[in-house]
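Text of run39.txt (compact mmCIF, C-alpha atoms and all ligand atoms) as supplied:
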```txt
# COMPACT_ATOMS: atom_id res chain seq x y z
CA MET A 1 105.11 104.62 127.35
CA SER A 2 103.10 101.80 125.75
CA PHE A 3 99.75 101.74 123.98
CA VAL A 4 98.23 100.07 127.08
CA ASP A 5 99.06 103.18 129.13
CA LEU A 6 97.07 105.31 126.70
CA GLY A 7 93.80 103.71 127.81
CA LEU A 8 92.93 101.83 124.63
CA GLU A 9 90.59 98.85 124.77
CA PRO A 10 91.83 95.28 124.10
CA GLY A 11 90.47 95.02 120.52
CA LEU A 12 92.34 98.13 119.49
CA LEU A 13 95.50 97.05 121.31
CA LYS A 14 95.40 93.77 119.44
CA ALA A 15 95.07 95.60 116.10
CA VAL A 16 97.91 97.98 116.95
CA HIS A 17 100.06 95.01 117.86
CA LYS A 18 99.23 93.31 114.58
CA LEU A 19 100.21 96.49 112.71
CA GLY A 20 103.62 96.13 114.32
CA TYR A 21 103.48 99.35 116.30
CA THR A 22 105.35 98.65 119.52
CA GLU A 23 105.16 102.05 121.11
CA PRO A 24 103.18 105.18 120.41
CA THR A 25 104.75 108.05 118.47
CA PRO A 26 104.84 111.45 120.26
CA ILE A 27 101.65 112.68 118.59
CA GLN A 28 99.86 109.44 119.53
CA GLU A 29 101.12 109.62 123.10
CA GLN A 30 99.80 113.14 123.45
CA ALA A 31 96.61 113.06 121.40
CA ILE A 32 95.08 109.67 122.24
CA PRO A 33 94.46 110.11 126.01
CA LEU A 34 93.01 113.59 125.46
CA ALA A 35 90.86 112.55 122.50
CA LEU A 36 89.52 109.60 124.49
CA THR A 37 88.02 112.07 126.99
CA GLY A 38 86.03 113.64 124.17
CA ARG A 39 88.06 116.80 124.12
CA ASP A 40 88.56 118.81 120.91
CA ILE A 41 92.08 118.51 119.54
CA LEU A 42 94.15 120.99 117.59
CA GLY A 43 97.10 118.96 116.35
CA CYS A 44 100.13 120.40 114.62
CA ALA A 45 101.75 117.43 112.94
CA GLN A 46 102.68 116.46 109.44
CA THR A 47 102.22 113.15 107.66
CA GLY A 48 104.85 110.70 108.81
CA THR A 49 104.39 111.38 112.51
CA GLY A 50 101.74 108.69 113.02
CA LYS A 51 98.90 111.20 113.21
CA THR A 52 96.41 108.96 111.40
CA ALA A 53 96.36 106.38 114.19
CA ALA A 54 96.33 109.30 116.66
CA PHE A 55 92.81 110.21 115.55
CA VAL A 56 91.53 106.87 114.24
CA LEU A 57 92.12 104.89 117.47
CA PRO A 58 90.30 107.26 119.87
CA ALA A 59 87.49 107.75 117.34
CA LEU A 60 86.91 103.98 117.14
CA GLN A 61 87.01 103.62 120.91
CA ARG A 62 84.63 106.51 121.49
CA MET A 63 82.09 105.12 119.06
CA GLY A 64 82.00 101.92 121.11
CA ARG A 65 80.84 98.62 119.78
CA ASN A 66 77.85 98.83 117.49
CA GLU A 67 75.40 95.98 117.81
CA LYS A 68 73.07 97.18 115.05
CA PRO A 69 72.97 95.19 111.81
CA THR A 70 75.34 96.92 109.43
CA GLU A 71 72.60 98.23 107.10
CA GLY A 72 71.05 100.20 109.95
CA ARG A 73 74.19 102.11 110.84
CA SER A 74 74.77 105.79 110.35
CA ILE A 75 78.00 107.67 109.90
CA ARG A 76 79.26 108.65 113.33
CA THR A 77 82.84 109.61 112.55
CA LEU A 78 83.63 111.74 109.53
CA VAL A 79 87.23 112.31 108.42
CA VAL A 80 87.70 115.02 105.79
CA THR A 81 91.03 115.09 103.98
CA PRO A 82 92.27 117.00 100.90
CA THR A 83 93.46 114.30 98.50
CA ARG A 84 92.35 110.90 97.31
CA GLU A 85 95.72 109.38 98.19
CA LEU A 86 95.38 110.52 101.77
CA ALA A 87 91.78 109.31 101.87
CA GLY A 88 92.97 105.88 100.69
CA GLN A 89 95.69 105.75 103.30
CA ILE A 90 93.43 106.79 106.17
CA ASP A 91 90.93 104.19 104.98
CA ASP A 92 93.68 101.54 105.16
CA VAL A 93 94.76 102.56 108.68
CA ALA A 94 91.14 102.73 109.91
CA ARG A 95 90.39 99.31 108.47
CA ALA A 96 93.49 97.79 110.06
CA CYS A 97 92.72 99.39 113.43
CA SER A 98 89.08 98.28 113.41
CA GLN A 99 89.64 94.63 112.50
CA TYR A 100 88.64 93.44 115.99
CA THR A 101 86.06 96.10 116.83
CA GLY A 102 83.55 95.38 114.07
CA HIS A 103 83.27 98.96 112.85
CA ARG A 104 82.56 99.51 109.19
CA ILE A 105 84.87 101.85 107.33
CA ALA A 106 84.47 103.43 103.90
CA ALA A 107 86.19 106.09 101.84
CA VAL A 108 84.72 108.36 99.16
CA TYR A 109 86.83 110.52 96.87
CA GLY A 110 86.78 111.91 93.36
CA GLY A 111 88.38 110.56 90.22
CA VAL A 112 86.71 107.15 90.42
CA GLY A 113 83.17 105.94 89.72
CA TYR A 114 80.28 106.61 92.10
CA ASP A 115 78.68 103.17 92.05
CA PRO A 116 81.11 101.13 94.17
CA GLN A 117 81.19 103.92 96.75
CA ILE A 118 77.38 104.16 96.89
CA LYS A 119 77.07 100.39 97.20
CA LYS A 120 79.44 100.45 100.15
CA LEU A 121 77.57 103.33 101.79
CA ARG A 122 74.28 101.44 101.54
CA LYS A 123 75.78 98.57 103.51
CA GLY A 124 76.18 100.89 106.50
CA VAL A 125 79.24 102.83 107.58
CA ASP A 126 80.49 103.90 111.03
CA LEU A 127 83.57 105.84 109.99
CA LEU A 128 83.69 107.62 106.65
CA VAL A 129 86.83 109.11 105.11
CA ALA A 130 86.12 111.66 102.40
CA THR A 131 87.50 114.38 100.19
CA PRO A 132 85.26 117.48 100.32
CA GLY A 133 83.98 117.60 96.72
CA ARG A 134 82.89 113.98 96.42
CA LEU A 135 81.38 114.07 99.90
CA LEU A 136 79.17 117.05 99.02
CA ASP A 137 78.20 115.43 95.71
CA LEU A 138 77.06 112.29 97.49
CA VAL A 139 75.19 114.28 100.15
CA GLN A 140 73.40 116.19 97.40
CA ARG A 141 72.43 112.97 95.65
CA GLY A 142 70.98 111.70 98.90
CA ASP A 143 73.51 108.89 99.32
CA ILE A 144 75.06 110.25 102.50
CA ASP A 145 73.34 111.44 105.67
CA LEU A 146 75.60 113.42 107.99
CA SER A 147 73.01 114.15 110.67
CA HIS A 148 74.39 111.54 113.11
CA VAL A 149 78.05 112.56 113.03
CA GLU A 150 79.54 112.67 116.53
CA ILE A 151 83.23 113.00 115.71
CA LEU A 152 84.69 115.20 113.00
CA VAL A 153 88.32 115.02 111.92
CA LEU A 154 89.71 117.70 109.62
CA ASP A 155 92.98 116.32 108.33
CA GLU A 156 95.67 118.50 106.73
CA ALA A 157 93.63 121.65 107.30
CA ASP A 158 96.41 123.87 105.95
CA ARG A 159 96.47 121.95 102.70
CA MET A 160 92.68 122.11 102.39
CA LEU A 161 92.96 125.89 102.78
CA ASP A 162 95.76 126.11 100.20
CA MET A 163 93.76 124.05 97.73
CA GLY A 164 90.71 126.29 98.12
CA PHE A 165 88.56 123.61 99.78
CA TRP A 166 87.52 125.66 102.79
CA PRO A 167 84.16 126.86 101.37
CA ASP A 168 83.31 123.17 100.86
CA VAL A 169 84.48 122.33 104.38
CA ARG A 170 82.25 125.10 105.73
CA ARG A 171 79.30 123.63 103.85
CA ILE A 172 80.07 120.23 105.40
CA LEU A 173 80.24 121.79 108.88
CA ASN A 174 76.72 123.13 108.34
CA LEU A 175 75.45 119.64 107.60
CA ILE A 176 76.64 117.95 110.79
CA PRO A 177 75.35 118.33 114.35
CA SER A 178 77.04 121.14 116.27
CA ALA A 179 77.37 119.00 119.42
CA ARG A 180 80.34 116.87 118.40
CA GLN A 181 84.00 116.23 119.06
CA ASN A 182 86.38 117.92 116.64
CA MET A 183 89.96 117.04 115.82
CA LEU A 184 91.82 119.31 113.46
CA PHE A 185 95.28 118.40 112.20
CA SER A 186 97.56 120.66 110.25
CA ALA A 187 101.25 120.65 109.33
CA THR A 188 101.44 124.31 110.32
CA LEU A 189 99.40 126.47 112.66
CA SER A 190 99.57 129.57 110.49
CA LYS A 191 97.35 132.61 111.02
CA ASP A 192 95.04 131.31 108.29
CA VAL A 193 94.69 127.91 109.93
CA MET A 194 94.03 129.48 113.33
CA ARG A 195 91.40 131.77 111.75
CA VAL A 196 89.39 128.79 110.51
CA ALA A 197 90.17 126.52 113.47
CA GLY A 198 88.94 129.08 115.99
CA PRO A 199 85.22 128.90 115.15
CA THR A 200 85.34 125.14 114.47
CA LEU A 201 86.89 123.95 117.74
CA THR A 202 85.70 124.29 121.34
CA ASP A 203 88.41 124.72 123.98
CA PRO A 204 90.83 122.46 122.07
CA ALA A 205 93.88 120.80 123.57
CA ARG A 206 96.71 122.06 121.43
CA ILE A 207 99.32 119.48 120.58
CA GLU A 208 102.43 120.21 118.56
CA VAL A 209 105.04 117.91 117.20
CA ALA A 210 107.91 120.09 116.03
CA PRO A 211 107.99 119.80 112.22
CA SER A 212 111.71 120.42 112.11
CA ALA A 213 112.45 117.44 114.34
CA THR A 214 112.04 114.83 111.59
CA PRO A 215 114.28 116.23 108.84
CA VAL A 216 116.92 117.76 111.08
CA GLU A 217 117.47 114.65 113.08
CA THR A 218 117.07 111.75 110.71
CA VAL A 219 117.57 112.92 107.11
CA SER A 220 121.02 113.76 105.83
CA GLN A 221 120.63 116.84 103.63
CA THR A 222 122.97 118.07 100.89
CA VAL A 223 122.79 120.81 98.29
CA TYR A 224 124.23 120.29 94.80
CA PRO A 225 124.78 123.63 93.06
CA VAL A 226 124.15 123.16 89.32
CA ALA A 227 123.17 125.32 86.35
CA GLU A 228 119.53 124.84 85.32
CA PRO A 229 120.31 123.25 81.90
CA GLN A 230 122.52 120.62 83.55
CA LYS A 231 120.02 119.42 86.15
CA ILE A 232 118.89 116.46 84.09
CA ASP A 233 122.46 115.32 83.36
CA LEU A 234 123.33 115.58 87.02
CA LEU A 235 120.26 113.57 87.99
CA VAL A 236 121.06 110.83 85.49
CA ARG A 237 124.70 110.71 86.63
CA LEU A 238 123.71 110.49 90.28
CA LEU A 239 121.29 107.68 89.51
CA GLU A 240 123.91 105.86 87.46
CA GLU A 241 126.81 106.23 89.83
CA GLU A 242 125.58 106.33 93.37
CA ARG A 243 123.67 103.74 95.33
CA LEU A 244 120.27 105.31 95.13
CA ASP A 245 117.69 102.54 95.51
CA ARG A 246 114.22 104.02 95.78
CA VAL A 247 114.25 107.63 94.74
CA LEU A 248 111.53 110.26 94.93
CA VAL A 249 112.20 113.29 92.71
CA PHE A 250 110.30 116.56 93.13
CA THR A 251 109.76 119.10 90.38
CA ARG A 252 107.97 122.43 90.52
CA THR A 253 105.44 121.68 87.77
CA LYS A 254 103.62 118.72 86.23
CA HIS A 255 105.17 119.58 82.89
CA ARG A 256 108.67 119.36 84.36
CA ALA A 257 107.80 116.08 86.08
CA ASP A 258 106.81 114.55 82.75
CA ARG A 259 109.92 115.93 81.08
CA VAL A 260 112.22 114.45 83.75
CA CYS A 261 110.45 111.14 83.33
CA ARG A 262 110.98 111.12 79.57
CA GLN A 263 114.67 111.92 80.04
CA LEU A 264 115.05 109.06 82.51
CA GLU A 265 113.45 106.73 80.01
CA ARG A 266 115.90 107.88 77.36
CA ASN A 267 118.69 106.91 79.75
CA ARG A 268 117.09 103.56 80.49
CA ILE A 269 116.29 104.41 84.09
CA LYS A 270 112.95 103.06 85.21
CA GLY A 271 110.82 105.94 86.41
CA THR A 272 107.22 107.12 86.50
CA ALA A 273 105.41 110.35 87.35
CA ILE A 274 102.61 111.15 89.75
CA HIS A 275 100.81 114.49 89.66
CA SER A 276 97.34 115.95 89.65
CA ASN A 277 96.89 115.71 85.86
CA ARG A 278 97.01 111.94 86.03
CA THR A 279 93.90 109.89 86.63
CA GLN A 280 93.36 108.03 89.88
CA ALA A 281 94.15 104.74 88.14
CA GLN A 282 97.40 106.13 86.70
CA ARG A 283 98.46 107.50 90.07
CA GLN A 284 97.72 104.21 91.78
CA ARG A 285 99.64 102.27 89.14
CA ALA A 286 102.61 104.62 89.55
CA LEU A 287 102.55 104.30 93.35
CA ASP A 288 102.14 100.52 93.24
CA GLY A 289 104.96 100.18 90.70
CA PHE A 290 107.20 102.35 92.86
CA LYS A 291 106.33 100.33 95.95
CA ASP A 292 106.99 96.95 94.36
CA GLY A 293 110.24 98.10 92.74
CA THR A 294 109.07 98.09 89.09
CA TYR A 295 110.11 101.74 89.07
CA ARG A 296 113.20 102.91 90.84
CA VAL A 297 112.31 106.58 90.51
CA LEU A 298 109.02 108.36 91.19
CA VAL A 299 108.77 111.95 89.97
CA ALA A 300 106.19 114.06 91.78
CA THR A 301 104.91 117.58 92.39
CA ASP A 302 104.10 119.10 95.80
CA ILE A 303 100.35 118.74 95.46
CA VAL A 304 100.62 114.96 95.72
CA ALA A 305 103.65 114.85 98.05
CA ARG A 306 101.72 114.26 101.23
CA GLY A 307 99.86 111.36 99.74
CA ILE A 308 103.01 109.38 99.08
CA ASP A 309 103.20 106.95 101.98
CA VAL A 310 105.86 104.58 100.74
CA ASP A 311 108.25 102.97 103.16
CA SER A 312 111.97 102.75 102.54
CA ILE A 313 112.37 105.66 100.15
CA SER A 314 116.16 105.94 100.30
CA HIS A 315 116.51 109.34 98.63
CA VAL A 316 114.44 112.43 98.03
CA ILE A 317 115.84 114.64 95.28
CA ASN A 318 114.61 118.19 94.98
CA TYR A 319 115.13 118.66 91.27
CA ASP A 320 113.58 122.08 91.86
CA LEU A 321 113.51 123.62 95.31
CA PRO A 322 109.96 124.27 96.47
CA SER A 323 108.74 127.86 96.47
CA GLN A 324 107.29 127.39 99.98
CA ALA A 325 109.90 126.51 102.58
CA GLN A 326 107.39 124.37 104.49
CA ASP A 327 107.02 122.12 101.43
CA TYR A 328 110.70 121.26 101.77
CA VAL A 329 109.93 119.63 105.11
CA HIS A 330 106.97 117.73 103.63
CA ARG A 331 109.05 116.53 100.74
CA ILE A 332 112.05 115.29 102.66
CA GLY A 333 109.72 113.80 105.28
CA ARG A 334 108.85 111.16 102.62
CA THR A 335 112.19 109.54 103.37
CA ALA A 336 113.30 108.44 106.85
CA ARG A 337 109.76 107.41 107.76
CA ALA A 338 109.02 106.19 111.24
CA GLY A 339 112.58 106.62 112.44
CA ALA A 340 114.53 105.13 109.50
CA SER A 341 117.39 107.17 108.05
CA GLY A 342 117.28 108.80 104.63
CA THR A 343 119.01 111.24 102.33
CA ALA A 344 117.76 114.43 100.74
CA ILE A 345 119.58 116.02 97.80
CA SER A 346 118.62 119.48 96.58
CA PHE A 347 119.68 120.84 93.22
CA LEU A 348 120.40 124.54 93.47
CA ALA A 349 120.25 126.68 90.34
CA ALA A 350 121.08 130.38 90.59
CA GLU A 351 117.39 131.26 90.20
CA GLN A 352 116.53 129.48 93.44
CA ALA A 353 119.08 131.01 95.82
CA ALA A 354 116.33 132.89 97.69
CA GLU A 355 114.36 129.67 98.21
CA LEU A 356 117.40 127.98 99.73
CA ARG A 357 117.83 130.91 102.11
CA GLU A 358 114.19 130.61 103.25
CA ILE A 359 114.57 126.88 103.82
CA GLU A 360 117.75 127.30 105.82
CA LEU A 361 116.17 130.01 107.95
CA MET A 362 113.21 127.77 108.66
CA LEU A 363 115.43 124.83 109.58
CA GLY A 364 117.84 127.06 111.52
CA GLN A 365 120.59 125.20 109.76
CA THR A 366 123.02 125.89 106.92
CA LEU A 367 122.91 122.97 104.50
CA PRO A 368 126.24 121.59 103.24
CA CYS A 369 127.02 121.89 99.51
CA ARG A 370 128.63 119.15 97.47
CA ASP A 371 129.81 118.50 93.94
CA LEU A 372 129.58 115.22 92.09
CA GLU A 373 133.13 114.19 91.34
CA GLY A 374 134.07 114.12 87.68
CA PHE A 375 130.92 115.96 86.52
CA ALA A 376 131.70 118.65 83.92
CA TYR A 377 129.95 121.55 85.59
CA MET A 378 129.02 124.63 83.57
CA GLN A 379 129.26 127.99 85.25
CA ARG A 380 126.87 128.04 88.21
CA LEU A 381 126.14 129.79 91.48
CA VAL A 382 127.81 128.25 94.51
CA PRO A 383 126.53 129.64 97.83
CA ASN A 384 129.00 131.35 100.11
CA PRO A 385 130.12 128.67 102.59
CA ASP A 386 130.19 131.26 105.36
CA ARG A 387 126.49 132.00 105.08
CA THR A 388 124.77 131.22 108.33
CA ALA A 389 121.17 130.50 109.17
CA LYS A 390 119.72 131.81 112.38
CA LYS A 391 118.26 129.24 114.70
CA PRO A 392 114.47 129.25 114.85
CA LYS A 393 112.82 129.93 118.19
CA PRO A 394 112.52 126.72 120.21
CA ARG A 395 109.15 125.15 119.64
CA LEU A 396 106.92 123.80 122.31
CA VAL A 397 106.49 120.11 121.85
CA TYR A 398 103.34 120.04 123.89
CA ASN A 399 101.26 122.81 125.35
CA GLY A 400 97.90 121.19 126.03
CA SER A 401 96.07 122.56 129.01
CA ALA A 402 96.47 119.31 130.98
CA ARG A 403 100.09 120.15 131.55
CA ARG A 404 99.36 123.81 132.17
CA ARG A 405 96.90 122.92 134.90
CA ARG A 406 99.44 120.79 136.71
CA ARG A 407 101.88 123.67 137.13
P1 LIG B 501 101.05 108.86 109.34
O1 LIG B 501 101.75 110.09 109.88
O2 LIG B 501 99.81 108.58 110.05
O3 LIG B 501 100.91 108.94 107.85
O4 LIG B 501 102.01 107.59 109.65
C1 LIG B 501 103.29 107.48 109.09
C2 LIG B 501 103.81 106.07 109.10
O5 LIG B 501 104.15 105.66 110.42
C3 LIG B 501 102.84 105.04 108.57
O6 LIG B 501 103.55 104.19 107.70
C4 LIG B 501 102.39 104.27 109.82
O7 LIG B 501 102.08 102.93 109.51
C5 LIG B 501 103.59 104.38 110.71
N1 LIG B 501 103.25 104.39 112.16
C6 LIG B 501 102.22 105.04 112.75
N2 LIG B 501 102.23 104.85 114.10
C7 LIG B 501 103.30 104.09 114.35
C8 LIG B 501 103.86 103.55 115.57
N3 LIG B 501 103.31 103.79 116.75
N4 LIG B 501 104.96 102.78 115.47
C9 LIG B 501 105.52 102.56 114.26
N5 LIG B 501 105.06 103.04 113.08
C10 LIG B 501 103.95 103.79 113.12
```
Can you give me the file's structure in the form of structure tokens?
Amino acid sequence: MSFVDLGLEPGLLKAVHKLGYTEPTPIQEQAIPLALTGRDILGCAQTGTGKTAAFVLPALQRMGRNEKPTEGRSIRTLVVTPTRELAGQIDDVARACSQYTGHRIAAVYGGVGYDPQIKKLRKGVDLLVATPGRLLDLVQRGDIDLSHVEILVLDEADRMLDMGFWPDVRRILNLIPSARQNMLFSATLSKDVMRVAGPTLTDPARIEVAPSATPVETVSQTVYPVAEPQKIDLLVRLLEEERLDRVLVFTRTKHRADRVCRQLERNRIKGTAIHSNRTQAQRQRALDGFKDGTYRVLVATDIVARGIDVDSISHVINYDLPSQAQDYVHRIGRTARAGASGTAISFLAAEQAAELREIELMLGQTLPCRDLEGFAYMQRLVPNPDRTAKKPKPRLVYNGSARRRRR
């Protein structure tokens, strides 16, 4: 299938072509035609699947061309997302997609000054990307009017719930017209997500892209059993000896991220950290430096994982396994983006055996264990090679009502 078959108008097709997208990803193929009809969408897809264009393109097309002078425009599409990194990325995609349609795009998020954002808003905006807190601040100050919103996108709804943003989201919902199109995207459709999605969406088309498809099929995954005190030595040795070009390392806490970074420095390995204690400017500098190769290693925590949209990450190293199995999928999804191949290495200390079990159950796959040759291992836990993970139930890739009706 091509983008033309999805029913997109020429200006958008031209932009998509310029972005280098030759064919739609599964979520785009499923969501775009339905969203173009004005239908509410409940999308189960994580970052990395192409979901941003899946909501941006139909939103732009549905708004149509706007002949008003820019100052007279009101916000007609509102995209709410949990983190500033994601807001920045959606802003980039929306800008790129709208280059031939004349729509005005802006993003507002915390951690940076108000003035440039307010200035931009005054110039007129068609599609606004926002994090909940800053959005409500600006509404309260009278800088944003949400009374003309026609399309609402709630991006990474599960993460907004986890981060405690839902009361803010509910406040936002009360500020926008109830007659509107809604698109809600979430990496999981847990009970909690369904509880909040239910009252927000009207007869949504439910679209799922199996989260396990990405890591299982395109990322090679290995577990390195190692005692906790030796993790840093093992990391340094791996970085010294193996061909690891652009490496994303995950730790459980910000404190541990900083510590790993300091140890890398001591071993003359160029690395930087990104976590929620760092300012927006520091995070951006870290990301930019990682992108342009100034830093070979980026150390991060889960909170910022989804915001890291860097192409050609060759390796993801789980210095600590995540406590939530689903985060494992988000983490390793940072490598092997858009079909490329990648490698995920997970350090396993005895304390995290239960986490590994959860991850393997979720993947329905037993991960192979490996040792680094010549490394003087201390006593450590090595998982029983005969352990087996049960296969998860097969997931529906698509169960929107369009297909159900055809049966
Ligand atoms: P997203 O899930 O929206 O964060 O997108 C993940 C990555 O896939 C981004 O780097 C996009 O630029 C890229 N991408 C999105 N759609 C396509 C497509 N149809 N073809 C190739 N790459 C795409």
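Between ligand LIG 501 (chain B) and the residues A:Gly364, A:Gly88, A:Gly72, A:Pro33, the shortest atom-to-atom distance, using only C-alpha atoms and all ligand atoms, involves A:Gly88.
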Next item on the list: List all protein, DNA and RNA residues that have at least one atom no more than 10 Å from any atom of ligand LIG 501 (chain B), counting all atoms listed in the file, and write them as a ChimeraX atom specification.
Entry: /A:2-3,16-17,19-29,45-56,86,89-90,92-93,306-312,333-334,337-339
Next item on the list: Tell me, in Å to one decimal, how far CA of Leu234 (chain A) is from CA of Gly293 (chain A).
Entry: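 Interatomic distance, CA of Leu234 (chain A) to CA of Gly293 (chain A): 22.6 Å.
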Taking all atoms listed in the file into account, produce a table as a tab-separated table in which each residue of region 166-259 of chain A with an atom at most 12 Å from an atom of region 276-287 of chain A appears once, together with its shortest atom pair and the distance in Å to one decimal, ordered by chain and rising number.
```
residue	atom	partner	partner_atom	distance
A:Arg246	CA	A:Leu287	CA	11.9
A:Leu248	CA	A:Leu287	CA	10.9
A:Thr253	CA	A:Ser276	CA	10.1
A:Lys254	CA	A:Asn277	CA	7.4
A:His255	CA	A:Asn277	CA	9.6
A:Ala257	CA	A:Asn277	CA	10.9
A:Asp258	CA	A:Asn277	CA	10.5
```
Check: With distances taken over all atoms listed in the file, which of A:Thr272, A:Ser220, A:Thr77, A:Gln140 is nearest to Val247 (chain A)?
Finding: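 Smallest separation from Val247 (chain A) among the options: A:Thr272.
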Check: Using all atoms listed in the file, which residue out of A:Asp5, A:Asp233, A:Asp245, A:Glu228 lies closest to Ala349 (chain A)?
Finding: A:Glu228
Notebook entry, point to check: Can you list, as a list in words, every protein, DNA or RNA residue that comes within 12 Å of Lys119 (chain A) when you count all atoms listed in the file, leaving out same-chain residues fewer than 2 positions away?
Noted result: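 What passes the distance filter is Glu71, Ala106, Ala107, Val108, Gly113, Tyr114, Asp115, Pro116, Gln117, Leu121, Arg122, Lys123, Gly124, Val125, Leu138, Asp143 and Ile144 of chain A.
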Item checked: Gap from CA of Leu175 (chain A) to CA of Ala59 (chain A) - Å, one decimal -> 19.5 Å
Just the residues within 7 Å of Leu321 (chain A), please, counting all atoms listed in the file, with nothing from its chain fewer than 5 positions along; format it as a compact mmCIF listing (two decimals) with C-alpha atoms, in the coordinates of the input.
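Wrote part.txt, looks like this:
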```txt
# COMPACT_ATOMS: atom_id res chain seq x y z
CA SER A 346 118.62 119.48 96.58
CA GLN A 352 116.53 129.48 93.44
CA GLU A 355 114.36 129.67 98.21
```
Checklist line | Distance of CA of Val316 (chain A) from CA of Pro225 (chain A), expressed in Å to one decimal place | finding: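 One can read the CA of Pro225 (chain A) to CA of Val316 (chain A) distance as 16.0 Å.
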Notebook entry, point to check: Restricting the calculation to only C-alpha atoms, which member of A:Asp386, A:Tyr224, A:Ile317, A:Gly43 is positioned closest to Met194 (chain A)?
Noted result: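 Checking each candidate against Met194 (chain A), we get A:Gly43 as the closest.
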In the coordinate frame of the file, compute which residues have an atom within 12 Å of (83.1, 90.3, 111.9) when using all atoms listed in the file, and state them as a PDB file with C-alpha atoms, keeping the file's coordinate frame.
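As a result, part-v1.pdb now contains:
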```pdb
ATOM      1  CA  ARG A  65      80.840  98.620 119.780  1.00  0.00           C
ATOM      2  CA  ASN A  66      77.850  98.830 117.490  1.00  0.00           C
ATOM      3  CA  GLU A  67      75.400  95.980 117.810  1.00  0.00           C
ATOM      4  CA  PRO A  69      72.970  95.190 111.810  1.00  0.00           C
ATOM      5  CA  THR A  70      75.340  96.920 109.430  1.00  0.00           C
ATOM      6  CA  SER A  98      89.080  98.280 113.410  1.00  0.00           C
ATOM      7  CA  GLN A  99      89.640  94.630 112.500  1.00  0.00           C
ATOM      8  CA  TYR A 100      88.640  93.440 115.990  1.00  0.00           C
ATOM      9  CA  THR A 101      86.060  96.100 116.830  1.00  0.00           C
ATOM     10  CA  GLY A 102      83.550  95.380 114.070  1.00  0.00           C
ATOM     11  CA  HIS A 103      83.270  98.960 112.850  1.00  0.00           C
ATOM     12  CA  ARG A 104      82.560  99.510 109.190  1.00  0.00           C
TER      13      ARG A 104
END
```
Next item on the list: Show which residues sit within 12 Å of Leu161 (chain A), as a VMD selection string. Count all atoms listed in the file, and ignore same-chain residues fewer than 2 positions away.
Entry: chain A and resid 81 to 82 132 154 to 159 163 to 170 186 to 197
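Of the residues listed (A:Val112, A:Ile75, A:Leu244, A:Val226), A:Val226 shows the shortest atom-to-atom separation from Ala376 (chain A); distances use only C-alpha atoms.
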Next item on the list: Tell me, as a list in words, which residues lie within 7 Å of Lys270 (chain A), counting all atoms listed in the file; anything in the same chain fewer than 4 positions away does not count.
Entry: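 Neighbouring residues, sequence-local ones excluded: Leu264, Glu265, Tyr295, Arg296 and Val297 of chain A.
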Checklist line | Residue nearest Val236 (chain A) - candidates A:Met160, A:Leu372, A:Pro177, A:Arg171, atoms counted: all atoms listed in the file | finding: A:Leu372
